[in-house]
Structure formats: C-alpha cells, structure tokens
file run_19.tsv (TSV, C-alpha atoms)
chain	number	residue	atom	x	y	z
A	822	LYS	CA	-45.09	139.83	-152.14
A	823	LYS	CA	-43.52	141.83	-155.00
A	824	LYS	CA	-42.73	145.46	-154.19
A	825	ASN	CA	-42.83	148.55	-156.41
A	826	SER	CA	-40.00	151.04	-156.84
A	827	GLU	CA	-40.91	152.69	-153.55
A	828	GLY	CA	-40.59	149.41	-151.67
A	829	ASN	CA	-44.31	148.89	-151.12
A	830	SER	CA	-46.11	145.60	-151.72
A	831	SER	CA	-49.58	145.54	-153.27
A	832	LEU	CA	-51.15	145.43	-149.82
A	833	HIS	CA	-49.30	148.57	-148.72
A	834	TYR	CA	-50.26	150.26	-151.97
A	835	VAL	CA	-54.00	149.84	-151.28
A	836	ILE	CA	-53.78	150.33	-147.53
A	837	ASP	CA	-56.47	153.04	-147.55
A	838	LYS	CA	-58.90	150.85	-149.50
A	839	ARG	CA	-60.50	148.32	-147.17
A	840	GLU	CA	-62.36	146.40	-149.90
A	841	ALA	CA	-59.22	146.03	-152.01
A	842	LEU	CA	-57.27	144.74	-149.01
A	843	GLU	CA	-60.00	142.23	-148.31
A	844	THR	CA	-60.13	141.08	-151.92
A	845	ILE	CA	-56.37	140.54	-152.25
A	846	LEU	CA	-56.12	138.60	-148.99
A	847	THR	CA	-59.17	136.50	-149.79
A	848	LEU	CA	-57.55	135.41	-153.07
A	849	LEU	CA	-54.56	134.08	-151.16
A	850	PRO	CA	-54.64	130.67	-149.43
A	851	GLU	CA	-55.31	131.22	-145.71
A	852	ASP	CA	-51.95	129.79	-144.64
A	853	GLN	CA	-50.08	132.29	-146.89
A	854	ARG	CA	-51.80	135.48	-145.78
A	855	TRP	CA	-49.56	136.17	-142.80
A	856	GLU	CA	-46.46	136.08	-145.02
A	857	ALA	CA	-48.08	138.72	-147.22
A	858	VAL	CA	-49.29	140.89	-144.34
A	859	LYS	CA	-45.99	140.99	-142.48
A	860	GLN	CA	-44.11	142.39	-145.49
A	861	ARG	CA	-42.68	145.78	-144.52
A	862	ASN	CA	-42.59	148.90	-146.62
A	863	SER	CA	-39.61	151.17	-147.35
A	864	ASN	CA	-39.95	152.70	-143.89
A	865	ASN	CA	-39.76	149.24	-142.29
A	866	ALA	CA	-43.42	149.42	-141.19
A	867	SER	CA	-45.69	146.38	-141.40
A	868	LEU	CA	-49.20	146.55	-142.79
A	869	LEU	CA	-50.93	145.99	-139.44
A	870	HIS	CA	-48.94	148.73	-137.74
A	871	ARG	CA	-49.72	151.12	-140.58
A	872	LEU	CA	-53.43	150.28	-140.34
A	873	VAL	CA	-53.44	151.71	-136.81
A	874	TYR	CA	-53.63	155.12	-138.48
A	875	TYR	CA	-56.42	154.15	-140.86
A	876	LYS	CA	-60.02	153.14	-140.36
A	877	LYS	CA	-60.09	150.64	-137.52
A	878	ASN	CA	-62.53	148.31	-139.24
A	879	ALA	CA	-59.84	147.69	-141.90
A	880	LEU	CA	-57.45	146.54	-139.19
A	881	GLY	CA	-60.07	144.15	-137.88
A	882	VAL	CA	-60.86	142.82	-141.34
A	883	VAL	CA	-57.21	142.11	-142.22
A	884	PHE	CA	-56.52	140.57	-138.81
A	885	GLY	CA	-59.63	138.38	-139.05
A	886	LEU	CA	-58.57	137.02	-142.45
A	887	LEU	CA	-55.36	135.58	-141.01
A	888	HIS	CA	-55.28	131.94	-140.00
A	889	GLU	CA	-55.92	131.56	-136.26
A	890	SER	CA	-52.49	130.02	-135.78
A	891	HIS	CA	-50.84	133.21	-137.15
A	892	ARG	CA	-52.82	135.80	-135.23
A	893	LEU	CA	-50.73	135.75	-132.05
A	894	ALA	CA	-47.54	136.36	-134.04
A	895	ALA	CA	-49.28	139.18	-135.87
A	896	ILE	CA	-50.46	140.87	-132.70
A	897	GLN	CA	-47.04	140.50	-131.02
A	898	GLU	CA	-45.08	141.89	-133.96
A	899	LYS	CA	-43.26	145.02	-132.88
A	900	ASN	CA	-42.57	148.26	-134.69
A	901	ARG	CA	-39.23	150.05	-134.75
A	902	ALA	CA	-39.93	151.58	-131.32
A	903	GLY	CA	-40.35	148.13	-129.79
A	904	ASN	CA	-44.13	148.31	-129.28
A	905	SER	CA	-46.52	145.54	-130.22
A	906	LEU	CA	-49.77	146.21	-132.02
A	907	LEU	CA	-51.84	146.11	-128.82
A	908	GLN	CA	-49.42	148.39	-126.97
A	909	ARG	CA	-49.84	150.99	-129.69
A	910	LEU	CA	-53.61	150.71	-129.33
A	911	PHE	CA	-53.63	151.15	-125.52
A	912	SER	CA	-55.87	154.22	-125.75
A	913	GLN	CA	-58.38	152.47	-128.05
A	914	PRO	CA	-60.11	149.85	-125.87
A	915	GLU	CA	-62.78	148.96	-128.42
A	916	THR	CA	-60.17	148.04	-131.03
A	917	ILE	CA	-58.15	146.05	-128.47
A	918	ILE	CA	-61.23	144.08	-127.46
A	919	MET	CA	-62.08	143.42	-131.11
A	920	LEU	CA	-58.60	142.02	-131.82
A	921	LEU	CA	-58.49	139.93	-128.65
A	922	THR	CA	-61.88	138.47	-129.46
A	923	LEU	CA	-60.49	137.30	-132.79
A	924	LEU	CA	-57.60	135.56	-131.04
A	925	PRO	CA	-57.98	131.99	-129.78
A	926	LYS	CA	-58.65	132.21	-126.04
A	927	ALA	CA	-55.50	130.23	-125.27
A	928	ASP	CA	-53.35	132.95	-126.95
A	929	ARG	CA	-54.85	135.99	-125.26
A	930	PHE	CA	-52.69	135.88	-122.13
A	931	ALA	CA	-49.52	135.95	-124.23
A	932	ALA	CA	-50.92	138.86	-126.23
A	933	VAL	CA	-51.77	141.12	-123.30
A	934	THR	CA	-48.62	140.29	-121.32
A	935	GLU	CA	-46.16	141.12	-124.11
A	936	LYS	CA	-43.76	143.68	-122.60
A	937	ASP	CA	-42.34	146.89	-124.02
A	938	ASP	CA	-38.80	148.15	-123.42
A	939	ARG	CA	-39.81	149.34	-119.93
A	940	GLY	CA	-41.27	146.00	-119.01
A	941	ASN	CA	-44.84	147.30	-119.13
A	942	THR	CA	-47.59	145.09	-120.48
A	943	LEU	CA	-50.74	146.31	-122.17
A	944	LEU	CA	-52.51	146.11	-118.80
A	945	HIS	CA	-50.01	148.56	-117.31
A	946	ARG	CA	-50.89	151.13	-119.95
A	947	VAL	CA	-54.65	150.99	-120.46
A	948	GLU	CA	-57.06	153.09	-118.43
A	949	VAL	CA	-58.19	151.40	-115.23
A	950	GLN	CA	-61.80	151.49	-116.51
A	951	THR	CA	-60.75	149.14	-119.34
A	952	LEU	CA	-58.91	146.57	-117.22
A	953	ALA	CA	-61.91	144.50	-116.16
A	954	ASN	CA	-63.18	144.16	-119.74
A	955	LEU	CA	-59.79	142.94	-120.95
A	956	LEU	CA	-59.37	140.52	-118.06
A	957	GLU	CA	-62.77	138.98	-118.79
A	958	LEU	CA	-61.43	137.92	-122.20
A	959	LEU	CA	-58.72	135.82	-120.53
A	960	PRO	CA	-59.24	132.35	-119.07
A	961	GLU	CA	-60.07	132.74	-115.34
A	962	THR	CA	-56.97	130.79	-114.37
A	963	GLU	CA	-54.69	133.38	-116.03
A	964	ARG	CA	-56.21	136.61	-114.77
A	965	LEU	CA	-54.23	136.84	-111.52
A	966	ALA	CA	-50.96	136.15	-113.33
A	967	ALA	CA	-51.72	138.92	-115.84
A	968	LEU	CA	-52.33	141.41	-113.03
A	969	THR	CA	-49.21	140.52	-111.05
A	970	LEU	CA	-46.60	140.68	-113.81
A	971	GLN	CA	-44.06	143.33	-112.83
A	972	ASN	CA	-42.32	145.88	-115.02
A	973	LYS	CA	-38.65	146.81	-114.77
A	974	ARG	CA	-39.39	149.05	-111.78
A	975	GLY	CA	-40.87	146.12	-109.90
A	976	ASN	CA	-44.49	147.32	-110.14
A	977	SER	CA	-47.45	145.27	-111.27
A	978	VAL	CA	-50.75	146.69	-112.51
A	979	LEU	CA	-52.11	146.36	-108.97
A	980	HIS	CA	-49.27	148.41	-107.47
A	981	THR	CA	-50.08	151.43	-109.62
A	982	MET	CA	-53.87	151.13	-109.84
A	983	PRO	CA	-55.50	154.39	-108.61
A	984	ILE	CA	-57.43	153.67	-105.42
A	985	ASP	CA	-59.74	156.67	-105.74
A	986	ASN	CA	-61.72	154.95	-108.51
A	987	TRP	CA	-63.57	152.39	-106.42
A	988	ALA	CA	-65.95	151.27	-109.18
A	989	ALA	CA	-63.09	150.38	-111.54
A	990	MET	CA	-61.11	148.69	-108.77
A	991	ALA	CA	-64.12	146.63	-107.71
A	992	ALA	CA	-64.73	145.59	-111.32
A	993	VAL	CA	-61.13	144.34	-111.61
A	994	LEU	CA	-61.27	142.38	-108.36
A	995	THR	CA	-64.65	140.91	-109.27
A	996	VAL	CA	-63.35	139.29	-112.47
A	997	VAL	CA	-60.56	137.61	-110.47
A	998	PRO	CA	-61.77	134.24	-109.12
A	999	ASP	CA	-62.92	134.41	-105.49
A	1000	ASP	CA	-60.11	132.24	-104.18
A	1001	LYS	CA	-57.46	134.39	-105.90
A	1002	ARG	CA	-58.62	137.85	-104.79
A	1003	LEU	CA	-56.69	137.88	-101.52
A	1004	ALA	CA	-53.52	136.95	-103.41
A	1005	ALA	CA	-54.17	139.83	-105.81
A	1006	LEU	CA	-54.57	142.27	-102.93
A	1007	ARG	CA	-51.47	141.02	-101.11
A	1008	ASP	CA	-49.18	140.94	-104.15
A	1009	ARG	CA	-46.06	142.93	-103.21
A	1010	ASP	CA	-43.75	144.98	-105.39
A	1011	HIS	CA	-40.10	144.07	-106.02
A	1012	ASP	CA	-39.01	145.63	-102.71
A	1013	GLY	CA	-41.77	143.89	-100.76
A	1014	GLU	CA	-43.18	147.20	-99.50
A	1015	ARG	CA	-46.20	148.05	-101.67
A	1016	SER	CA	-49.40	146.13	-102.31
A	1017	LEU	CA	-52.91	147.17	-103.22
A	1018	LEU	CA	-54.08	146.01	-99.79
A	1019	LEU	CA	-51.57	148.18	-97.93
A	1020	ARG	CA	-52.39	151.16	-100.16
A	1021	ILE	CA	-56.10	151.04	-99.29
A	1022	ALA	CA	-55.46	150.41	-95.58
A	1023	ASP	CA	-55.61	154.16	-94.92
A	1024	GLU	CA	-59.04	154.40	-96.55
A	1025	PRO	CA	-61.49	152.71	-94.14
A	1026	LYS	CA	-64.54	152.93	-96.41
A	1027	ILE	CA	-62.67	151.44	-99.37
A	1028	LEU	CA	-61.12	148.78	-97.15
A	1029	GLN	CA	-64.55	147.73	-95.88
A	1030	ALA	CA	-65.88	147.52	-99.43
A	1031	VAL	CA	-62.88	145.46	-100.55
A	1032	LEU	CA	-63.32	143.06	-97.63
A	1033	THR	CA	-66.88	142.35	-98.77
A	1034	LEU	CA	-65.46	141.13	-102.11
A	1035	LEU	CA	-63.35	138.53	-100.33
A	1036	PRO	CA	-64.61	135.17	-99.12
A	1037	GLN	CA	-65.35	135.57	-95.40
A	1038	ALA	CA	-62.62	133.07	-94.56
A	1039	ASP	CA	-59.99	135.40	-96.13
A	1040	ARG	CA	-61.00	138.64	-94.45
A	1041	LEU	CA	-59.11	138.20	-91.18
A	1042	THR	CA	-55.95	137.29	-93.09
A	1043	ALA	CA	-56.30	140.55	-95.02
A	1044	LEU	CA	-56.67	142.55	-91.80
A	1045	LEU	CA	-53.59	140.91	-90.29
A	1046	GLU	CA	-51.41	141.86	-93.28
A	1047	GLU	CA	-48.24	143.60	-92.07
A	1048	ASP	CA	-46.44	146.54	-93.62
A	1049	SER	CA	-42.66	146.84	-93.87
A	1050	GLU	CA	-42.53	147.91	-90.20
A	1051	ASP	CA	-44.54	144.89	-89.01
A	1052	ASN	CA	-47.67	146.96	-88.28
A	1053	LYS	CA	-50.89	145.08	-89.00
A	1054	ILE	CA	-53.71	146.77	-90.89
A	1055	LEU	CA	-56.15	145.95	-88.09
A	1056	TYR	CA	-54.13	147.99	-85.60
A	1057	GLN	CA	-54.84	151.21	-87.49
A	1058	PHE	CA	-58.45	151.09	-86.28
A	1059	ALA	CA	-57.76	150.18	-82.66
A	1060	ASP	CA	-58.71	153.69	-81.50
A	1061	ASN	CA	-61.63	154.22	-83.88
A	1062	SER	CA	-64.56	152.37	-82.34
A	1063	GLU	CA	-67.06	152.99	-85.14
A	1064	THR	CA	-64.75	151.89	-87.96
A	1065	LEU	CA	-63.39	148.98	-85.95
A	1066	GLN	CA	-66.85	147.60	-85.22
A	1067	ALA	CA	-67.89	147.99	-88.87
A	1068	ILE	CA	-64.85	146.00	-89.97
A	1069	LEU	CA	-65.19	143.34	-87.28
A	1070	ALA	CA	-68.84	142.84	-88.26
A	1071	LEU	CA	-67.62	141.46	-91.61
A	1072	LEU	CA	-65.81	138.57	-89.90
A	1073	SER	CA	-67.10	135.17	-88.92
A	1074	PRO	CA	-67.69	134.70	-85.14
A	1075	PRO	CA	-64.44	132.74	-84.60
A	1076	ASP	CA	-62.40	135.29	-86.58
A	1077	TYR	CA	-64.14	138.12	-84.72
A	1078	GLU	CA	-62.83	136.72	-81.43
A	1079	ILE	CA	-59.32	136.40	-82.86
A	1080	ALA	CA	-59.42	139.99	-84.10
A	1081	VAL	CA	-60.56	141.28	-80.69
A	1082	ARG	CA	-57.69	139.44	-79.02
A	1083	GLU	CA	-55.30	140.93	-81.57
A	1084	ILE	CA	-56.49	144.44	-80.67
A	1085	ASP	CA	-56.08	143.67	-76.95
A	1086	TYR	CA	-52.57	142.37	-77.54
A	1087	TYR	CA	-51.71	145.44	-79.59
A	1088	LYS	CA	-52.86	147.83	-76.86
A	1089	GLN	CA	-51.05	145.91	-74.13
A	1090	THR	CA	-47.87	145.81	-76.21
A	1091	THR	CA	-48.19	149.50	-77.02
A	1092	LEU	CA	-48.55	150.32	-73.32
A	1093	PHE	CA	-45.54	148.18	-72.41
A	1094	ASN	CA	-43.39	149.87	-75.08
A	1095	PHE	CA	-44.66	153.27	-73.94
A	1096	LEU	CA	-43.63	152.59	-70.33
A	1097	GLN	CA	-40.28	151.19	-71.42
A	1098	GLU	CA	-39.58	154.37	-73.36
A	1099	LYS	CA	-40.63	156.49	-70.36
A	1100	ARG	CA	-38.27	154.47	-68.17
A	1101	ARG	CA	-35.43	155.03	-70.61
A	1102	LEU	CA	-35.98	158.79	-70.45
A	1103	LEU	CA	-36.08	158.97	-66.65
A	1104	LYS	CA	-33.71	161.46	-65.08
A	1105	ASP	CA	-31.44	160.72	-62.17
A	1106	ILE	CA	-32.92	161.90	-58.88
A	1107	GLY	CA	-30.82	164.82	-57.63
A	1108	VAL	CA	-30.24	166.20	-54.13
A	1109	ALA	CA	-32.75	168.84	-53.03
A	1110	HIS	CA	-31.34	172.16	-51.84
A	1111	ASP	CA	-34.47	174.35	-51.74
A	1112	TYR	CA	-38.26	173.99	-52.03
A	1113	PRO	CA	-38.50	174.00	-55.85
A	1114	SER	CA	-35.75	171.35	-56.10
A	1115	LEU	CA	-37.39	169.33	-53.31
A	1116	ARG	CA	-40.68	169.41	-55.17
A	1117	ALA	CA	-38.97	168.35	-58.40
A	1118	GLU	CA	-37.21	165.51	-56.55
A	1119	VAL	CA	-40.48	164.24	-55.05
A	1120	THR	CA	-42.19	164.39	-58.45
A	1121	GLU	CA	-39.36	162.56	-60.18
A	1122	GLN	CA	-39.21	159.94	-57.44
A	1123	GLU	CA	-42.93	159.22	-57.77
A	1124	LEU	CA	-42.54	158.93	-61.52
A	1125	HIS	CA	-39.80	156.31	-61.03
A	1126	ILE	CA	-41.96	154.33	-58.60
A	1127	GLN	CA	-45.12	154.45	-60.73
A	1128	ILE	CA	-43.39	153.37	-63.95
A	1129	GLU	CA	-41.70	150.42	-62.24
A	1130	SER	CA	-44.95	149.42	-60.52
A	1131	LEU	CA	-46.94	149.56	-63.73
A	1132	LEU	CA	-44.33	147.51	-65.59
A	1133	GLN	CA	-44.60	144.86	-62.87
A	1134	ILE	CA	-48.41	144.78	-63.13
A	1135	LEU	CA	-48.59	144.27	-66.90
A	1136	PRO	CA	-47.41	140.62	-67.11
A	1137	HIS	CA	-50.06	139.56	-64.59
A	1138	CYS	CA	-53.03	140.87	-66.60
A	1139	LYS	CA	-54.43	138.09	-68.78
A	1140	ASP	CA	-56.21	140.45	-71.18
A	1141	LEU	CA	-56.96	144.10	-71.87
A	1142	GLU	CA	-60.12	144.19	-69.75
A	1143	ALA	CA	-58.22	142.81	-66.77
A	1144	LEU	CA	-55.55	145.45	-67.29
A	1145	ARG	CA	-58.20	148.18	-67.43
A	1146	GLN	CA	-59.73	147.05	-64.14
A	1147	VAL	CA	-56.34	146.87	-62.40
A	1148	PHE	CA	-55.43	150.30	-63.73
A	1149	LEU	CA	-58.70	151.79	-62.40
A	1150	VAL	CA	-57.96	150.37	-58.96
A	1151	TRP	CA	-54.42	151.68	-59.18
A	1152	CYS	CA	-55.67	155.15	-60.14
A	1153	LYS	CA	-58.06	155.23	-57.21
A	1154	SER	CA	-55.37	154.11	-54.80
A	1155	ARG	CA	-52.91	156.73	-56.08
A	1156	ALA	CA	-55.55	159.49	-55.94
A	1157	GLU	CA	-56.31	158.66	-52.32
A	1158	GLU	CA	-52.64	158.48	-51.42
A	1159	ASN	CA	-51.82	161.84	-53.03
A	1160	ALA	CA	-54.95	163.68	-51.91
A	1161	GLY	CA	-54.08	167.10	-50.46
A	1162	THR	CA	-50.43	166.92	-51.61
A	1163	CYS	CA	-48.54	168.66	-54.39
A	1164	LEU	CA	-48.66	165.40	-56.35
A	1165	SER	CA	-52.43	165.28	-56.71
A	1166	LEU	CA	-54.12	165.81	-60.06
A	1167	PHE	CA	-55.81	168.96	-58.76
A	1168	ALA	CA	-52.61	170.48	-57.36
A	1169	MET	CA	-50.41	169.72	-60.37
A	1170	PRO	CA	-52.44	168.54	-63.41
A	1171	ASP	CA	-49.44	169.11	-65.70
A	1172	GLY	CA	-47.10	167.11	-63.47
A	1173	GLU	CA	-45.17	164.34	-65.22
A	1174	CYS	CA	-46.81	161.51	-63.28
A	1175	ASN	CA	-50.32	162.90	-63.69
A	1176	GLN	CA	-49.67	163.29	-67.42
A	1177	LEU	CA	-48.36	159.72	-67.51
A	1178	TYR	CA	-51.60	158.42	-66.01
A	1179	TRP	CA	-53.67	160.52	-68.38
A	1180	GLN	CA	-51.79	159.12	-71.41
A	1181	ILE	CA	-52.24	155.56	-70.16
A	1182	ALA	CA	-55.95	156.15	-69.63
A	1183	GLU	CA	-56.26	157.43	-73.19
A	1184	LEU	CA	-54.45	154.40	-74.51
A	1185	LEU	CA	-56.49	151.87	-72.54
A	1186	PHE	CA	-59.92	153.41	-72.88
A	1187	LYS	CA	-59.81	155.30	-76.16
A	1188	PRO	CA	-62.19	155.79	-77.95
A	1189	LYS	CA	-64.28	155.48	-74.79
A	1190	THR	CA	-64.46	158.54	-72.52
call {"tool": "encode", "arguments": {"input": "run_19.tsv", "output": "structure tokens"}}
result
Amino acid sequence: KKKNSEGNSSLHYVIDKREALETILTLLPEDQRWEAVKQRNSNNASLLHRLVYYKKNALGVVFGLLHESHRLAAIQEKNRAGNSLLQRLFSQPETIIMLLTLLPKADRFAAVTEKDDRGNTLLHRVEVQTLANLLELLPETERLAALTLQNKRGNSVLHTMPIDNWAAMAAVLTVVPDDKRLAALRDRDHDGERSLLLRIADEPKILQAVLTLLPQADRLTALLEEDSEDNKILYQFADNSETLQAILALLSPPDYEIAVREIDYYKQTTLFNFLQEKRRLLKDIGVAHDYPSLRAEVTEQELHIQIESLLQILPHCKDLEALRQVFLVWCKSRAEENAGTCLSLFAMPDGECNQLYWQIAELLFKPKT
C-alpha cells in the first residue's frame, strides 16, 4: 500500500510487468488484494483502469486474482470521467467477455447495467454484433431486463438497435427466452412511441422473419400492436395480397380467422371514414342558369345522393364480402340508370361521382383487379 515520492504504489510501479504484478498479488492474502489494487496513483487512476492501456492478459490476470466477492466492486469502479471498467472497454468485446466470465453469474447483470453519466449501460455502447454474446453470459431471467433499461433520453438498447442487421438482431432475440420475446419487441420508449416491433413494421421481410422467432400464440398479438395514432401493424399489409398472405400463413387457424376479420373491419372502417370526409366536403347545390351550370348541378346532386345512399348501406353489411357484393349490384344499377346520359362513366370518366365509385372499388377490391 505504501507509495513512492511520485504517489505510486508498488503495483503501479510494475504495471507494465505482468509477472511482477502476479507475484506481488499472489503474496497477499486473497481478501486483501482488492484493497491493494484499488489504490490510486498521483493522477487519481486505479490500477485496473490503467491496465486498460496495457496488455489485456495482465488485466485479466489481476482481475482473476481478486476474491470473487470483490470482483463486482472492481468492475464497477469508475474513473474520473465517470466510466466503469467495462464501459471503457466497450470496443473490446473479447476482454469484456473474459472479465464477465470471471465474475460470479449472479453479479453479471449489475456489471453490464452500470450506467454512465448519460444513463447508458454497456449494452447501449457495444456493437450490435456483440450483444448476443454478452446476453448469453447473464442468467436467462435477467436478459430482458438488461435490454429494456432506458438511458436519460428514454431509449433502451432495443430502441436504438439497427434493424438493417438482421443476423445480429435475430441473435439477440434468440437468446431472450421464448416467452419474453414479444415483450422485448413491444418495449416502448419513454414517450410510448418507439419500439423495435414498430420500427420493423415497415420492413415486411424482416417482420416475417421476426414473427417466426415468436411462439405462434404471440404472433397475432404482435400484428395487432398499435402505433401512437392507433394504427395496427396488420393494417399496413391490407392492400398487399402477397405479403398479407405470407404473414397470415404464420398464424394458427383460429388467429388466422381473427386477422382476416380485422382486415375486413379495417377496410369497412376506412370506407366509412372516406365517405364521411367526402360528405363533409360536399358543396351546396346552386341554381342553374345555363347548360354548364345545369350539368354541374346534376353532377353535384348525384354525388349527394350516392354518398348518402352508400352511407346507409354500410351498417347493413355483415362483413367485407357482403359489402363487396352489394357494391357490385349498386354499380350495375347505377350504370344502367345513367346509361346514355352525361353522368355515365363513358360520357364523363373524370366526373366526381364516377371517380368516387372508382376509389371505392380500389379500396374494396385492391389488390384484386
């Protein structure tokens, strides 16, 4: 423990000599080694923090000679900048793994979740390729908690994980216990807006791959996750038949039926909201004073009638298929009624009512032709 005139203990003096360090510590009783190691030099730097700059096997040797009960304190000790030993080693995964392996398993969670002055843990800072290897060193029951700890900005590791590295993401999710993976995906940031699941929702291929990592019973719940505007992930694929069928094929038969009904409900609700908005934008019917104004009046009047009629039909359709069939009949009836007039599709394809019917047809039958 004695220091020389420069403020260095004997351990600091031989810091670049691994064998000498090992010899001195071995001569000390095991329960006294931590007191010797944590002595700081004239620059207020501890031995372990200084060893970061020297040969890494020396760091491992010194750390391994400490009593197991002292190793967590040693690894959590911070330097003047407020960083623990592991946080300083964030770019050296092999050294981190070596030190964690020397820690009792029960202490590893505390070691990797130690926060810096920004609230970031070691897992926030390491490369995503390293995450899975570090998580595997933790008890299974603590892996989800390690991933969901938030920094001062309200972000967990999962909120900032790059989604373009599918292999690394899959490796992380795979080391989380099956029954905890959905919780990991749904974990929201401080504002309740971001989650890993919502971030991958715009990437159909990645979403499909992620769903396969979930127990089948959890997949529908994932698809029904809502964003901050109450839009469900499943709805994004309502108009993409190929992607929708690929996703639905991952569900159990009962969940498949629920998902299909959800899509039907979404399309019916979308149509109702669409018609309500069209009704809100309707113009007052003016008084005709010449042929162009008469034609405009007739067109606007038909638009009023059709919107009101369609809004009355909607509540009586039990499902989307029933609505489609009623709409087809309605289209045929209107076509026959307007045949040979200025309101027909052939006479005025760009007319407001004809465009309204075209938009409804796209909504109801898309992606079908």
call {"tool": "residues_around", "arguments": {"input": "run_19.tsv", "residues": "Pro1136 in chain A", "least_positions_apart": "5", "cutoff": "12 Å", "atoms": "only C-alpha atoms", "output": "ChimeraX atom specification"}}
result
/A:1086,1089-1090,1092-1093,1130-1131,1141,1143-1144,1147
call {"tool": "atom_distance", "arguments": {"input": "run_19.tsv", "atom1": "CA of Lys838 in chain A", "atom2": "CA of Asn862 in chain A"}}
result
16.7 Å
call {"tool": "residues_around", "arguments": {"input": "run_19.tsv", "residues": "Thr969 in chain A", "least_positions_apart": "2", "cutoff": "8 Å", "atoms": "only C-alpha atoms", "output": "list of chain:residue names"}}
result
A:Leu965, A:Ala966, A:Ala967, A:Gln971, A:Ser977, A:Val978, A:Leu979, A:Ala1005, A:Asp1008
call {"tool": "atom_distance", "arguments": {"input": "run_19.tsv", "atom1": "CA of Thr922 in chain A", "atom2": "CA of Glu898 in chain A"}}
result
17.7 Å
call {"tool": "residues_around", "arguments": {"input": "run_19.tsv", "residues": "Asn976 in chain A", "least_positions_apart": "6", "cutoff": "8 Å", "atoms": "only C-alpha atoms", "output": "list of chain:residue names"}}
result
A:Leu970, A:Asp1010, A:His1011
call {"tool": "residues_near_point", "arguments": {"input": "run_19.tsv", "point": "(-42.5, 164.0, -57.5)", "cutoff": "10 Å", "atoms": "all atoms listed in the file", "output": "count of residues only"}}
result
18
call {"tool": "residues_near_point", "arguments": {"input": "run_19.tsv", "point": "(-63.1, 154.5, -103.1)", "cutoff": "8 Å", "atoms": "all atoms listed in the file", "output": "PDB file with C-alpha atoms, keeping the file's coordinate frame"}}
result
ATOM      1  CA  ILE A 984     -57.430 153.670-105.420  1.00  0.00           C
ATOM      2  CA  ASP A 985     -59.740 156.670-105.740  1.00  0.00           C
ATOM      3  CA  ASN A 986     -61.720 154.950-108.510  1.00  0.00           C
ATOM      4  CA  TRP A 987     -63.570 152.390-106.420  1.00  0.00           C
ATOM      5  CA  ALA A 988     -65.950 151.270-109.180  1.00  0.00           C
ATOM      6  CA  GLU A1024     -59.040 154.400 -96.550  1.00  0.00           C
ATOM      7  CA  LYS A1026     -64.540 152.930 -96.410  1.00  0.00           C
ATOM      8  CA  ILE A1027     -62.670 151.440 -99.370  1.00  0.00           C
TER       9      ILE A1027
END
call {"tool": "atom_distance", "arguments": {"input": "run_19.tsv", "atom1": "CA of Pro960 in chain A", "atom2": "CA of Ala931 in chain A"}}
result
11.6 Å
call {"tool": "residues_around", "arguments": {"input": "run_19.tsv", "residues": "range 1148-1161 of chain A", "least_positions_apart": "5", "cutoff": "8 Å", "atoms": "all atoms listed in the file", "output": "list in words"}}
result
Leu1166, Ala1168 and Tyr1178 of chain A
call {"tool": "closest_residue", "arguments": {"input": "run_19.tsv", "among": "A:Leu1103, A:Pro1113, A:Ile1084, A:Leu1028", "to": "Glu1129 in chain A", "atoms": "all atoms listed in the file"}}
result
A:Leu1103
call {"tool": "residues_around", "arguments": {"input": "run_19.tsv", "residues": "range 1075-1083 of chain A", "least_positions_apart": "3", "cutoff": "10 Å", "atoms": "all atoms listed in the file", "output": "VMD selection string"}}
result
chain A and resid 1037 to 1042 1044 to 1045 1053 1055 to 1056 1059 1065 to 1066 1068 to 1072 1086 to 1089 1140 to 1141
call {"tool": "decode", "arguments": {"input": "run_19.tsv", "residues": "range 1159-1173 of chain A", "atoms": "N, CA and C atoms", "output": "mmCIF file, in the first residue's frame"}}
result
data_model
loop_
_atom_site.group_PDB
_atom_site.id
_atom_site.type_symbol
_atom_site.label_atom_id
_atom_site.label_comp_id
_atom_site.auth_asym_id
_atom_site.auth_seq_id
_atom_site.Cartn_x
_atom_site.Cartn_y
_atom_site.Cartn_z
ATOM 1 N N ASN A 1159 -77.703 5.401 -65.521
ATOM 2 C CA ASN A 1159 -77.031 6.551 -66.142
ATOM 3 C C ASN A 1159 -76.621 6.303 -67.595
ATOM 4 N N ALA A 1160 -76.947 5.140 -68.123
ATOM 5 C CA ALA A 1160 -76.548 4.811 -69.495
ATOM 6 C C ALA A 1160 -77.107 5.852 -70.468
ATOM 7 N N GLY A 1161 -76.235 6.362 -71.346
ATOM 8 C CA GLY A 1161 -76.640 7.324 -72.360
ATOM 9 C C GLY A 1161 -76.791 8.737 -71.850
ATOM 10 N N THR A 1162 -76.445 9.000 -70.571
ATOM 11 C CA THR A 1162 -76.542 10.360 -70.026
ATOM 12 C C THR A 1162 -75.145 10.923 -69.807
ATOM 13 N N CYS A 1163 -75.112 12.197 -69.424
ATOM 14 C CA CYS A 1163 -73.815 12.841 -69.170
ATOM 15 C C CYS A 1163 -73.157 12.330 -67.895
ATOM 16 N N LEU A 1164 -73.927 11.554 -67.103
ATOM 17 C CA LEU A 1164 -73.384 11.046 -65.840
ATOM 18 C C LEU A 1164 -72.693 9.700 -65.983
ATOM 19 N N SER A 1165 -72.812 9.078 -67.144
ATOM 20 C CA SER A 1165 -72.242 7.745 -67.300
ATOM 21 C C SER A 1165 -70.707 7.790 -67.272
ATOM 22 N N LEU A 1166 -70.131 6.633 -66.970
ATOM 23 C CA LEU A 1166 -68.676 6.535 -66.909
ATOM 24 C C LEU A 1166 -68.044 6.858 -68.250
ATOM 25 N N PHE A 1167 -68.704 6.478 -69.342
ATOM 26 C CA PHE A 1167 -68.146 6.706 -70.678
ATOM 27 C C PHE A 1167 -68.257 8.167 -71.092
ATOM 28 N N ALA A 1168 -69.320 8.845 -70.646
ATOM 29 C CA ALA A 1168 -69.504 10.248 -71.019
ATOM 30 C C ALA A 1168 -68.610 11.171 -70.188
ATOM 31 N N MET A 1169 -68.432 10.836 -68.907
ATOM 32 C CA MET A 1169 -67.667 11.718 -68.027
ATOM 33 C C MET A 1169 -66.847 10.878 -67.035
ATOM 34 N N PRO A 1170 -65.788 10.205 -67.525
ATOM 35 C CA PRO A 1170 -64.987 9.339 -66.636
ATOM 36 C C PRO A 1170 -64.329 10.090 -65.477
ATOM 37 N N ASP A 1171 -64.066 11.401 -65.680
ATOM 38 C CA ASP A 1171 -63.432 12.183 -64.620
ATOM 39 C C ASP A 1171 -64.438 12.866 -63.711
ATOM 40 N N GLY A 1172 -65.726 12.590 -63.933
ATOM 41 C CA GLY A 1172 -66.757 13.188 -63.093
ATOM 42 C C GLY A 1172 -66.585 12.775 -61.637
ATOM 43 N N GLU A 1173 -67.027 13.644 -60.727
ATOM 44 C CA GLU A 1173 -66.792 13.408 -59.293
ATOM 45 C C GLU A 1173 -67.406 12.100 -58.823
#
